[in-house]
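So this block is input_27.tsv, TSV, C-alpha atoms and all ligand atoms:
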chain	number	residue	atom	x	y	z
A	1	MET	CA	95.92	120.28	108.63
A	2	PRO	CA	92.25	119.33	109.09
A	3	LYS	CA	91.62	116.16	111.01
A	4	VAL	CA	89.09	113.67	109.69
A	5	THR	CA	87.84	110.42	111.22
A	6	ILE	CA	86.75	107.66	108.84
A	7	ASP	CA	85.14	104.53	110.30
A	8	GLY	CA	86.77	105.38	113.64
A	9	PHE	CA	90.31	105.92	112.24
A	10	SER	CA	91.64	109.50	112.37
A	11	ILE	CA	94.20	111.22	110.19
A	12	GLU	CA	95.41	114.78	109.61
A	13	VAL	CA	95.54	115.69	105.94
A	14	PRO	CA	96.49	118.78	103.92
A	15	ALA	CA	93.63	121.24	103.41
A	16	GLY	CA	91.74	120.51	100.19
A	17	THR	CA	92.13	116.72	100.45
A	18	THR	CA	89.04	114.76	99.46
A	19	ILE	CA	87.48	112.17	101.78
A	20	LEU	CA	88.50	109.45	99.29
A	21	ASN	CA	92.15	110.49	99.31
A	22	ALA	CA	92.12	110.83	103.12
A	23	ALA	CA	90.79	107.26	103.28
A	24	ARG	CA	93.56	106.14	100.89
A	25	MET	CA	96.11	107.74	103.22
A	26	ILE	CA	94.75	105.55	106.05
A	27	GLY	CA	94.53	102.61	103.64
A	28	GLY	CA	93.11	99.14	104.19
A	29	ASP	CA	89.51	98.03	103.91
A	30	LEU	CA	87.91	101.36	104.78
A	31	VAL	CA	88.91	102.89	101.41
A	32	PRO	CA	85.78	103.48	99.28
A	33	PRO	CA	85.84	101.93	95.79
A	34	ALA	CA	86.23	104.34	92.86
A	35	MET	CA	85.18	103.53	89.32
A	36	CYS	CA	85.51	106.97	87.71
A	37	TYR	CA	87.92	108.96	89.90
A	38	TYR	CA	91.57	108.69	88.81
A	39	SER	CA	94.11	110.65	90.81
A	40	LYS	CA	96.33	111.27	87.74
A	41	LEU	CA	93.52	112.68	85.62
A	42	GLU	CA	92.45	116.21	86.44
A	43	GLY	CA	88.69	116.70	86.73
A	44	SER	CA	87.89	112.98	87.01
A	45	GLY	CA	85.35	111.68	89.53
A	46	GLY	CA	81.75	112.49	90.37
A	47	LYS	CA	80.22	110.26	87.68
A	48	CYS	CA	79.71	106.74	89.01
A	49	ARG	CA	78.68	107.18	92.70
A	50	THR	CA	80.47	104.01	93.86
A	51	CYS	CA	82.47	106.08	96.33
A	52	LEU	CA	79.42	107.34	98.29
A	53	VAL	CA	79.96	107.76	102.04
A	54	LYS	CA	77.95	109.15	104.96
A	55	VAL	CA	79.21	112.30	106.66
A	56	THR	CA	77.91	111.89	110.22
A	57	LYS	CA	79.53	115.11	111.47
A	58	GLY	CA	80.28	117.99	109.09
A	59	SER	CA	83.08	119.62	111.08
A	60	ASP	CA	83.96	120.93	114.54
A	61	ALA	CA	82.61	124.35	113.52
A	62	ASP	CA	79.34	122.93	112.17
A	63	PRO	CA	78.76	119.42	113.53
A	64	ARG	CA	75.50	118.80	111.66
A	65	PRO	CA	75.57	115.62	109.55
A	66	MET	CA	75.26	116.03	105.78
A	67	PRO	CA	71.66	115.30	104.76
A	68	LYS	CA	72.51	112.89	101.92
A	69	LEU	CA	75.30	110.46	101.11
A	70	VAL	CA	78.14	112.29	99.35
A	71	ALA	CA	80.63	111.28	96.64
A	72	SER	CA	83.87	110.95	98.61
A	73	CYS	CA	86.00	111.66	95.51
A	74	ARG	CA	84.44	115.12	95.18
A	75	THR	CA	83.95	116.16	98.84
A	76	ASN	CA	86.78	117.82	100.72
A	77	VAL	CA	87.43	117.07	104.38
A	78	MET	CA	86.76	119.70	107.04
A	79	ASP	CA	88.45	119.90	110.41
A	80	GLY	CA	86.68	117.53	112.83
A	81	MET	CA	84.67	115.78	110.09
A	82	GLU	CA	83.45	112.26	110.84
A	83	VAL	CA	82.68	109.86	108.04
A	84	ALA	CA	81.16	106.38	107.92
A	85	ASN	CA	81.97	104.08	105.05
A	86	VAL	CA	81.93	100.32	105.68
A	87	THR	CA	80.43	100.90	109.13
A	88	SER	CA	77.29	102.41	107.63
A	89	PRO	CA	74.57	99.98	106.48
A	90	GLU	CA	73.07	102.89	104.52
A	91	VAL	CA	76.29	103.30	102.51
A	92	LEU	CA	76.59	99.58	101.84
A	93	ASP	CA	72.98	99.46	100.73
A	94	ALA	CA	73.47	102.45	98.41
A	95	ARG	CA	76.63	100.89	96.98
A	96	GLU	CA	74.72	97.71	96.24
A	97	GLY	CA	72.19	99.84	94.37
A	98	VAL	CA	74.94	101.60	92.39
A	99	VAL	CA	76.43	98.25	91.37
A	100	GLU	CA	72.99	97.08	90.29
A	101	PHE	CA	72.65	100.21	88.14
A	102	LEU	CA	76.11	99.78	86.62
A	103	LEU	CA	75.22	96.23	85.69
A	104	ILE	CA	71.86	97.07	84.12
A	105	ASN	CA	73.40	97.44	80.69
A	106	HIS	CA	76.74	95.75	81.23
A	107	PRO	CA	76.88	92.34	79.55
A	108	LEU	CA	77.72	89.44	81.86
A	109	ASP	CA	80.41	88.15	79.52
A	110	CYS	CA	83.32	87.83	81.96
A	111	PRO	CA	84.13	84.32	80.69
A	112	ILE	CA	85.07	85.74	77.27
A	113	CYS	CA	86.15	89.27	78.29
A	114	ASP	CA	89.87	90.11	78.21
A	115	GLN	CA	89.49	92.33	81.25
A	116	ALA	CA	88.39	89.41	83.46
A	117	GLY	CA	90.70	89.05	86.41
A	118	GLU	CA	91.64	92.73	86.40
A	119	CYS	CA	88.20	94.29	86.00
A	120	HIS	CA	87.20	96.75	88.70
A	121	LEU	CA	83.51	96.15	88.01
A	122	GLN	CA	84.00	92.41	88.42
A	123	ASP	CA	85.65	93.00	91.83
A	124	LEU	CA	82.99	95.52	92.83
A	125	SER	CA	80.17	93.13	91.89
A	126	PHE	CA	81.87	90.35	93.79
A	127	GLU	CA	81.90	92.51	96.96
A	128	HIS	CA	78.66	94.46	96.60
A	129	GLY	CA	76.61	92.85	93.85
A	130	LYS	CA	73.38	90.92	94.07
A	131	VAL	CA	73.04	87.36	92.83
A	132	LYS	CA	70.19	88.25	90.48
A	133	THR	CA	69.19	91.28	88.47
A	134	ARG	CA	65.71	92.81	88.87
A	135	TYR	CA	65.94	94.49	85.47
A	136	GLU	CA	63.48	93.08	82.97
A	137	PHE	CA	64.16	95.16	79.87
A	138	LYS	CA	66.52	94.57	76.98
A	139	ARG	CA	70.11	95.62	77.62
A	140	ARG	CA	71.41	98.63	75.71
A	141	THR	CA	73.57	97.50	72.77
A	142	PHE	CA	75.69	99.33	70.20
A	143	GLU	CA	76.93	98.52	66.72
A	144	PRO	CA	80.69	97.73	66.80
A	145	ILE	CA	82.92	100.66	65.84
A	146	ASP	CA	86.47	100.23	64.58
A	147	ILE	CA	88.75	102.73	66.34
A	148	GLY	CA	92.01	101.43	64.91
A	149	ASP	CA	94.27	98.39	64.88
A	150	LYS	CA	95.64	98.78	68.43
A	151	ILE	CA	92.63	99.48	70.63
A	152	LYS	CA	89.37	97.55	70.63
A	153	LEU	CA	86.25	99.44	71.72
A	154	HIS	CA	83.49	97.23	73.05
A	155	MET	CA	80.88	99.87	73.77
A	156	ASN	CA	78.34	97.49	75.34
A	157	ARG	CA	80.69	97.15	78.32
A	158	CYS	CA	81.28	100.88	78.87
A	159	ILE	CA	80.10	102.36	82.17
A	160	MET	CA	80.58	106.00	81.08
A	161	CYS	CA	83.26	106.83	83.61
A	162	PHE	CA	84.88	109.40	81.24
A	163	ARG	CA	88.41	108.34	82.19
A	164	CYS	CA	89.43	107.59	78.59
A	165	VAL	CA	88.15	111.00	77.52
A	166	PHE	CA	90.32	112.67	80.17
A	167	VAL	CA	93.34	110.66	78.94
A	168	ALA	CA	92.67	111.82	75.40
A	169	ASP	CA	92.20	115.40	76.57
A	170	GLN	CA	95.16	115.60	78.89
A	171	LEU	CA	97.75	113.28	77.34
A	172	THR	CA	97.37	113.45	73.60
A	173	ASP	CA	97.78	116.39	71.22
A	174	GLU	CA	94.73	115.84	69.14
A	175	ARG	CA	91.66	114.45	70.79
A	176	VAL	CA	89.65	112.44	68.29
A	177	HIS	CA	87.28	110.63	70.59
A	178	GLY	CA	84.75	111.60	73.21
A	179	ILE	CA	81.23	111.06	74.45
A	180	MET	CA	78.56	111.47	71.81
A	181	ASN	CA	74.85	111.95	72.50
A	182	ARG	CA	73.15	112.12	75.89
A	183	GLY	CA	71.44	109.92	78.48
A	184	ASP	CA	70.74	106.35	77.48
A	185	HIS	CA	72.13	107.05	74.00
A	186	ALA	CA	75.50	108.36	75.26
A	187	GLU	CA	78.44	106.46	73.82
A	188	ILE	CA	82.18	106.66	73.43
A	189	SER	CA	83.05	107.23	69.81
A	190	THR	CA	85.66	108.71	67.55
A	191	TYR	CA	84.80	111.81	65.58
A	192	ILE	CA	84.03	110.71	62.01
A	193	GLU	CA	85.16	107.25	63.14
A	194	LYS	CA	88.80	108.23	62.94
A	195	ALA	CA	91.43	105.86	64.30
A	196	ILE	CA	93.10	106.89	67.53
A	197	ASP	CA	96.76	106.82	66.66
A	198	ASN	CA	98.65	109.36	68.74
A	199	ASP	CA	101.60	108.45	70.97
A	200	PHE	CA	99.79	108.11	74.29
A	201	SER	CA	96.39	106.83	73.20
A	202	GLY	CA	97.13	103.32	74.53
A	203	ASN	CA	96.80	104.66	78.08
A	204	MET	CA	93.03	104.64	77.60
A	205	ILE	CA	93.24	100.85	77.82
A	206	ASP	CA	94.94	101.06	81.22
A	207	VAL	CA	92.52	103.56	82.74
A	208	CYS	CA	89.34	101.84	81.51
A	209	PRO	CA	87.94	100.11	84.61
A	210	VAL	CA	86.04	97.53	82.56
A	211	GLY	CA	86.61	95.64	79.30
A	212	ALA	CA	85.29	98.41	77.06
A	213	LEU	CA	88.76	99.36	75.82
A	214	THR	CA	91.17	96.46	75.39
A	215	ASP	CA	94.53	95.88	73.73
A	216	ARG	CA	93.97	94.42	70.25
A	217	THR	CA	97.51	93.01	70.18
A	218	PHE	CA	96.69	90.93	73.28
A	219	ARG	CA	93.02	90.06	72.77
A	220	PHE	CA	92.20	86.39	73.23
A	221	THR	CA	95.86	85.32	73.51
A	222	SER	CA	95.63	84.29	77.18
A	223	ARG	CA	93.65	84.77	80.37
A	224	VAL	CA	95.65	87.24	82.50
A	225	TRP	CA	95.98	84.81	85.40
A	226	PHE	CA	97.95	82.41	83.18
A	227	THR	CA	100.57	85.09	82.51
A	228	LYS	CA	103.49	86.19	84.67
A	229	PRO	CA	103.64	89.95	85.33
A	230	VAL	CA	107.16	91.39	85.73
A	231	TYR	CA	108.44	94.94	86.02
A	232	ALA	CA	110.68	95.98	83.13
A	233	SER	CA	112.23	99.16	81.81
A	234	ARG	CA	113.94	100.53	78.72
A	235	LYS	CA	115.46	103.84	77.71
A	236	CYS	CA	112.50	105.26	75.86
A	237	THR	CA	113.09	108.29	73.67
A	238	THR	CA	109.44	109.35	73.39
A	239	PRO	CA	109.11	112.67	75.27
A	240	GLY	CA	106.93	112.16	78.35
A	241	CYS	CA	107.29	108.37	78.50
A	242	CYS	CA	108.99	106.93	81.59
A	243	GLY	CA	109.86	103.60	79.89
A	244	LYS	CA	108.86	101.75	83.08
A	245	THR	CA	106.28	99.07	82.40
A	246	THR	CA	104.84	95.72	83.38
A	247	LEU	CA	105.44	92.88	80.93
A	248	TRP	CA	102.92	90.04	80.95
A	249	LEU	CA	104.91	86.96	80.01
A	250	LYS	CA	104.12	83.43	78.99
A	251	GLY	CA	107.45	81.63	79.10
A	252	ASP	CA	109.77	84.03	77.29
A	253	THR	CA	107.06	85.50	75.10
A	254	VAL	CA	105.88	89.02	75.89
A	255	LEU	CA	102.11	88.82	75.45
A	256	ARG	CA	101.29	92.31	76.62
A	257	VAL	CA	102.92	95.52	77.88
A	258	THR	CA	101.06	97.83	80.28
A	259	ALA	CA	101.90	100.72	82.57
A	260	ARG	CA	102.66	99.83	86.18
A	261	LYS	CA	99.70	100.14	88.52
A	262	ASP	CA	99.43	101.04	92.20
A	263	GLN	CA	97.28	99.34	94.83
A	264	TYR	CA	94.17	101.20	93.66
A	265	GLY	CA	94.61	99.98	90.09
A	266	GLU	CA	95.80	103.40	88.86
A	267	VAL	CA	98.84	103.70	86.60
A	268	GLU	CA	101.92	105.11	88.29
A	269	ASN	CA	103.25	106.76	85.11
A	270	PHE	CA	101.72	106.82	81.65
A	271	ILE	CA	103.64	105.08	78.85
A	272	CYS	CA	103.87	105.65	75.10
A	273	ASN	CA	102.48	103.45	72.34
A	274	THR	CA	105.97	102.42	71.18
A	275	CYS	CA	106.66	100.77	74.56
A	276	ARG	CA	103.15	99.33	74.71
A	277	PHE	CA	102.65	97.98	71.20
A	278	ASP	CA	106.03	97.78	69.44
A	279	LYS	CA	108.41	96.34	72.05
A	280	LYS	CA	107.12	92.80	72.36
A	281	THR	CA	110.49	91.04	72.63
A	282	LYS	CA	112.02	90.25	76.00
A	283	SER	CA	115.46	91.49	74.81
A	284	ASP	CA	113.96	95.00	74.33
A	285	TRP	CA	113.66	95.24	78.11
A	286	THR	CA	115.64	95.11	81.34
A	287	ILE	CA	113.63	92.87	83.68
A	288	GLU	CA	113.49	94.22	87.24
A	289	GLY	CA	111.57	91.46	89.04
A	290	MET	CA	108.08	90.27	89.88
A	291	ALA	CA	105.35	92.89	89.52
A	292	ASN	CA	103.30	93.95	92.52
A	293	ILE	CA	99.71	92.74	92.20
A	294	ASP	CA	97.88	94.16	95.16
A	295	ARG	CA	94.27	93.92	94.10
A	296	LYS	CA	91.83	91.27	95.17
A	297	SER	CA	92.27	89.64	91.84
A	298	VAL	CA	92.71	86.15	90.52
A	299	ILE	CA	95.94	87.32	88.87
A	300	GLY	CA	97.65	86.99	92.24
A	301	GLN	CA	96.61	83.37	92.66
A	302	ASN	CA	99.36	81.80	90.57
A	303	HIS	CA	102.10	83.97	92.02
A	304	SER	CA	101.04	84.23	95.64
A	305	ASP	CA	104.31	84.06	97.64
A	306	LYS	CA	106.25	86.76	95.78
A	307	ILE	CA	103.22	88.96	95.39
A	308	LYS	CA	102.40	88.84	99.11
A	309	ASN	CA	105.94	89.96	99.98
A	310	LEU	CA	105.69	92.91	97.67
A	311	SER	CA	102.12	93.81	98.50
A	312	ASN	CA	102.64	97.21	100.08
A	313	SER	CA	105.67	98.42	98.17
A	314	VAL	CA	103.74	100.57	95.73
A	315	ASN	CA	101.91	103.38	97.43
A	316	ALA	CA	101.10	106.79	96.03
A	317	TYR	CA	101.23	108.38	99.45
A	318	ASP	CA	103.95	109.19	101.97
A	319	SER	CA	104.34	106.06	104.05
A	320	LYS	CA	105.62	108.02	107.07
A	321	GLN	CA	102.20	109.39	107.87
A	322	LYS	CA	100.44	106.13	107.11
A	323	PRO	CA	99.24	104.09	110.11
A	324	THR	CA	98.87	100.34	109.72
A	325	PRO	CA	95.99	99.96	107.28
A	326	PRO	CA	92.93	98.52	109.03
A	327	VAL	CA	91.37	95.33	107.75
A	328	LYS	CA	87.65	94.59	108.01
A	329	SER	CA	87.95	92.88	111.42
A	330	ASP	CA	89.56	96.07	112.93
A	331	ILE	CA	86.67	98.26	111.81
A	332	LYS	CA	83.84	98.23	114.35
A	401	LIG	S1	85.37	103.21	77.47
A	401	LIG	FE1	86.13	102.59	79.50
A	401	LIG	S2	87.32	104.40	80.22
A	401	LIG	FE2	86.01	105.10	78.52
A	401	LIG	S3	84.13	105.88	79.54
A	401	LIG	FE3	83.75	103.72	78.96
A	401	LIG	S4	84.29	102.56	80.81
A	401	LIG	FE4	85.21	104.59	81.04
A	402	LIG	S1	84.64	107.50	92.09
A	402	LIG	FE1	83.49	109.04	93.08
A	402	LIG	S2	81.76	109.26	91.82
A	402	LIG	FE2	82.94	107.78	90.77
Show me the file's structure as structure tokens.
Amino acid sequence: MPKVTIDGFSIEVPAGTTILNAARMIGGDLVPPAMCYYSKLEGSGGKCRTCLVKVTKGSDADPRPMPKLVASCRTNVMDGMEVANVTSPEVLDAREGVVEFLLINHPLDCPICDQAGECHLQDLSFEHGKVKTRYEFKRRTFEPIDIGDKIKLHMNRCIMCFRCVFVADQLTDERVHGIMNRGDHAEISTYIEKAIDNDFSGNMIDVCPVGALTDRTFRFTSRVWFTKPVYASRKCTTPGCCGKTTLWLKGDTVLRVTARKDQYGEVENFICNTCRFDKKTKSDWTIEGMANIDRKSVIGQNHSDKIKNLSNSVNAYDSKQKPTPPVKSDIK
């Protein structure tokens, strides 16, 4: 069990754990943000650089610091390693730069984007973004592509995190979409513009950190913060689907069905398209209670009391080894 210290907080973790996951085991404000890593998707991470940290001591065996900032989602801890995240001005400066890069081509259309309120890039920009852009050139734009009647692709908003491609690769039988071209011309597209219609394709919507992939059955029906998220379940017969979801209600109307998400905005279990798109009546579901919204999001604002009480109930890690998560004021 190597021991790692992150921003002054130490934890022993199983060998092979990444710095990011070690930080998530400690929890709280020292956890680096992650825009492309997704713990449920094998091979994800290493694309966006938002999770950069400074390794100030490599290990007990070799205490030299690492010469450059490293991606915490792709760097394993070593015994005795010391890491600086929010305590390092260099890391915060680099993160600001990464956000600036991510926003170079991203349209600032939050007021009309369905992802607003649950967008990881919006939260990241709020914490690390600059007020103004220094970029003077035209933003990259793409012609709209129709990828079917359930999922809307808005390529101008894509940050090339590859998560949707991993979903298609790992969850669906026949992958029909991927990244085409290279560099500035790279884009998510379907091969011969084929509609994505296999059972688990809707999960791409849930893993997309921005508004590039949204639910066509929900688009423009309501801002998410005007809806009431509740946990619900049904006996789903689709192999591989857990039937446990979050319903987004307005009164008794089910506006949207999504998978349940943990405190890092990752789905707990993937769900099938039947649950997501075809079960839009409250009587299809057994309601289990208020959903846990644990992100710094406006969604929590209308439901604050219940959400606060539930805030730590969903955690991907063993709570027994988890010390009280530090907040910013604890981190010196
Ligand atoms: S469409 Fe969304 S999930 Fe797919 S690469 Fe772009 S940002 Fe990532
Ligand atoms: S989350 Fe680590 S590089 Fe994207």
Q.
For a cutoff of 6 Å around the file-coordinate point (77.7, 97.1, 99.9), which residues qualify once you count all atoms listed in the file? I'd like the result as a count of residues only.
A. 5
Q) Separation of CA of Ile147 (chain A) and CA of Thr237 (chain A), in Å? A)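 So the two atoms, CA of Ile147 (chain A) and CA of Thr237 (chain A), lie 26.0 Å apart.
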Q) Which distance in Å separates CA of Pro33 (chain A) and CA of Gly97 (chain A), to one decimal? A) 13.9 Å
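Distance check against Arg163 (chain A) using all atoms listed in the file: of A:Thr286, A:Asn203, A:Thr56, A:Thr50, the minimum falls on A:Asn203.
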Residues near Asn76 (chain A), cut-off 10 Å, only C-alpha atoms, skip fewer than 4 positions along chain, as a JSON list (two decimals) with C-alpha atoms, keeping the file's coordinate frame:
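To be explicit, this is the file written out as part-v2.json:
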[["chain", "number", "residue", "atom", "x", "y", "z"],
["A", 15, "ALA", "CA", 93.63, 121.24, 103.41],
["A", 16, "GLY", "CA", 91.74, 120.51, 100.19],
["A", 17, "THR", "CA", 92.13, 116.72, 100.45],
["A", 18, "THR", "CA", 89.04, 114.76, 99.46],
["A", 19, "ILE", "CA", 87.48, 112.17, 101.78],
["A", 20, "LEU", "CA", 88.50, 109.45, 99.29],
["A", 21, "ASN", "CA", 92.15, 110.49, 99.31],
["A", 22, "ALA", "CA", 92.12, 110.83, 103.12],
["A", 71, "ALA", "CA", 80.63, 111.28, 96.64],
["A", 72, "SER", "CA", 83.87, 110.95, 98.61],
["A", 81, "MET", "CA", 84.67, 115.78, 110.09]]
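Within 7 Å of Lys152 (chain A), once all atoms listed in the file are used and residues closer than 5 positions along the same chain are dropped, the contacting residues are A:Ile147, A:Leu213, A:Thr214, A:Asp215, A:Arg216.
When all atoms listed in the file are used to measure the gap to ligand LIG 402 (chain A), the shortest distance among A:Ile331, A:Pro326, A:Gly148, A:Arg74 belongs to A:Arg74.
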Counting all atoms listed in the file, what are the residues of chain A within 12 Å of ligand LIG 401 (chain A), and for each of them which pair of atoms is the nearest and at what distance in Å, to one decimal? Sort the table by chain and rising number, as JSON lines.
{"residue": "A:Ala34", "atom": "CA", "partner": "A:LIG401", "partner_atom": "FE4", "distance": 11.9}
{"residue": "A:Met35", "atom": "CA", "partner": "A:LIG401", "partner_atom": "FE4", "distance": 8.3}
{"residue": "A:Cys36", "atom": "CA", "partner": "A:LIG401", "partner_atom": "FE4", "distance": 7.1}
{"residue": "A:Tyr37", "atom": "CA", "partner": "A:LIG401", "partner_atom": "FE4", "distance": 10.2}
{"residue": "A:Tyr38", "atom": "CA", "partner": "A:LIG401", "partner_atom": "S2", "distance": 10.5}
{"residue": "A:Leu41", "atom": "CA", "partner": "A:LIG401", "partner_atom": "S2", "distance": 11.7}
{"residue": "A:Ser44", "atom": "CA", "partner": "A:LIG401", "partner_atom": "FE4", "distance": 10.6}
{"residue": "A:Gly45", "atom": "CA", "partner": "A:LIG401", "partner_atom": "FE4", "distance": 11.1}
{"residue": "A:Lys47", "atom": "CA", "partner": "A:LIG401", "partner_atom": "S3", "distance": 10.0}
{"residue": "A:Cys48", "atom": "CA", "partner": "A:LIG401", "partner_atom": "FE4", "distance": 9.9}
{"residue": "A:Leu102", "atom": "CA", "partner": "A:LIG401", "partner_atom": "S4", "distance": 10.4}
{"residue": "A:His106", "atom": "CA", "partner": "A:LIG401", "partner_atom": "S4", "distance": 10.2}
{"residue": "A:Gln115", "atom": "CA", "partner": "A:LIG401", "partner_atom": "FE1", "distance": 10.9}
{"residue": "A:Cys119", "atom": "CA", "partner": "A:LIG401", "partner_atom": "S4", "distance": 10.5}
{"residue": "A:His120", "atom": "CA", "partner": "A:LIG401", "partner_atom": "S4", "distance": 10.2}
{"residue": "A:Leu121", "atom": "CA", "partner": "A:LIG401", "partner_atom": "S4", "distance": 9.7}
{"residue": "A:Ile147", "atom": "CA", "partner": "A:LIG401", "partner_atom": "S1", "distance": 11.6}
{"residue": "A:Ile151", "atom": "CA", "partner": "A:LIG401", "partner_atom": "S1", "distance": 10.6}
{"residue": "A:Lys152", "atom": "CA", "partner": "A:LIG401", "partner_atom": "S1", "distance": 9.7}
{"residue": "A:Leu153", "atom": "CA", "partner": "A:LIG401", "partner_atom": "S1", "distance": 6.9}
{"residue": "A:His154", "atom": "CA", "partner": "A:LIG401", "partner_atom": "S1", "distance": 7.7}
{"residue": "A:Met155", "atom": "CA", "partner": "A:LIG401", "partner_atom": "S1", "distance": 6.7}
{"residue": "A:Asn156", "atom": "CA", "partner": "A:LIG401", "partner_atom": "FE3", "distance": 9.0}
{"residue": "A:Arg157", "atom": "CA", "partner": "A:LIG401", "partner_atom": "S4", "distance": 7.0}
{"residue": "A:Cys158", "atom": "CA", "partner": "A:LIG401", "partner_atom": "FE3", "distance": 3.8}
{"residue": "A:Ile159", "atom": "CA", "partner": "A:LIG401", "partner_atom": "S4", "distance": 4.4}
{"residue": "A:Met160", "atom": "CA", "partner": "A:LIG401", "partner_atom": "S3", "distance": 3.9}
{"residue": "A:Cys161", "atom": "CA", "partner": "A:LIG401", "partner_atom": "FE4", "distance": 3.9}
{"residue": "A:Phe162", "atom": "CA", "partner": "A:LIG401", "partner_atom": "S3", "distance": 4.0}
{"residue": "A:Arg163", "atom": "CA", "partner": "A:LIG401", "partner_atom": "S2", "distance": 4.5}
{"residue": "A:Cys164", "atom": "CA", "partner": "A:LIG401", "partner_atom": "S2", "distance": 4.2}
{"residue": "A:Val165", "atom": "CA", "partner": "A:LIG401", "partner_atom": "FE2", "distance": 6.4}
{"residue": "A:Phe166", "atom": "CA", "partner": "A:LIG401", "partner_atom": "S2", "distance": 8.8}
{"residue": "A:Val167", "atom": "CA", "partner": "A:LIG401", "partner_atom": "S2", "distance": 8.8}
{"residue": "A:Ala168", "atom": "CA", "partner": "A:LIG401", "partner_atom": "FE2", "distance": 10.0}
{"residue": "A:His177", "atom": "CA", "partner": "A:LIG401", "partner_atom": "FE2", "distance": 9.8}
{"residue": "A:Gly178", "atom": "CA", "partner": "A:LIG401", "partner_atom": "FE2", "distance": 8.5}
{"residue": "A:Ile179", "atom": "CA", "partner": "A:LIG401", "partner_atom": "S3", "distance": 7.8}
{"residue": "A:Met180", "atom": "CA", "partner": "A:LIG401", "partner_atom": "S3", "distance": 11.0}
{"residue": "A:Ala186", "atom": "CA", "partner": "A:LIG401", "partner_atom": "S3", "distance": 9.9}
{"residue": "A:Glu187", "atom": "CA", "partner": "A:LIG401", "partner_atom": "FE3", "distance": 7.9}
{"residue": "A:Ile188", "atom": "CA", "partner": "A:LIG401", "partner_atom": "S1", "distance": 6.2}
{"residue": "A:Ser189", "atom": "CA", "partner": "A:LIG401", "partner_atom": "S1", "distance": 9.0}
{"residue": "A:Thr190", "atom": "CA", "partner": "A:LIG401", "partner_atom": "S1", "distance": 11.3}
{"residue": "A:Ser201", "atom": "CA", "partner": "A:LIG401", "partner_atom": "S2", "distance": 11.7}
{"residue": "A:Gly202", "atom": "CA", "partner": "A:LIG401", "partner_atom": "S2", "distance": 11.4}
{"residue": "A:Asn203", "atom": "CA", "partner": "A:LIG401", "partner_atom": "S2", "distance": 9.7}
{"residue": "A:Met204", "atom": "CA", "partner": "A:LIG401", "partner_atom": "S2", "distance": 6.3}
{"residue": "A:Ile205", "atom": "CA", "partner": "A:LIG401", "partner_atom": "S2", "distance": 7.3}
{"residue": "A:Asp206", "atom": "CA", "partner": "A:LIG401", "partner_atom": "S2", "distance": 8.4}
{"residue": "A:Val207", "atom": "CA", "partner": "A:LIG401", "partner_atom": "S2", "distance": 5.8}
{"residue": "A:Cys208", "atom": "CA", "partner": "A:LIG401", "partner_atom": "S2", "distance": 3.5}
{"residue": "A:Pro209", "atom": "CA", "partner": "A:LIG401", "partner_atom": "S4", "distance": 5.8}
{"residue": "A:Val210", "atom": "CA", "partner": "A:LIG401", "partner_atom": "S4", "distance": 5.6}
{"residue": "A:Gly211", "atom": "CA", "partner": "A:LIG401", "partner_atom": "FE1", "distance": 7.0}
{"residue": "A:Ala212", "atom": "CA", "partner": "A:LIG401", "partner_atom": "S1", "distance": 4.8}
{"residue": "A:Leu213", "atom": "CA", "partner": "A:LIG401", "partner_atom": "S1", "distance": 5.4}
{"residue": "A:Thr214", "atom": "CA", "partner": "A:LIG401", "partner_atom": "FE1", "distance": 8.9}
Q: Find the distance between CA of Lys68 (chain A) and CA of Ala23 (chain A) and write it in Å to one decimal.
A: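 Computing the Euclidean distance for CA of Lys68 (chain A) and CA of Ala23 (chain A) yields 19.2 Å.
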Q: Check the smallest atom-to-atom distance from each of A:Val254, A:Tyr264, A:Asp149, A:Ile26 to ligand LIG 402 (chain A) using all atoms listed in the file, then report the winner.
A: A:Tyr264
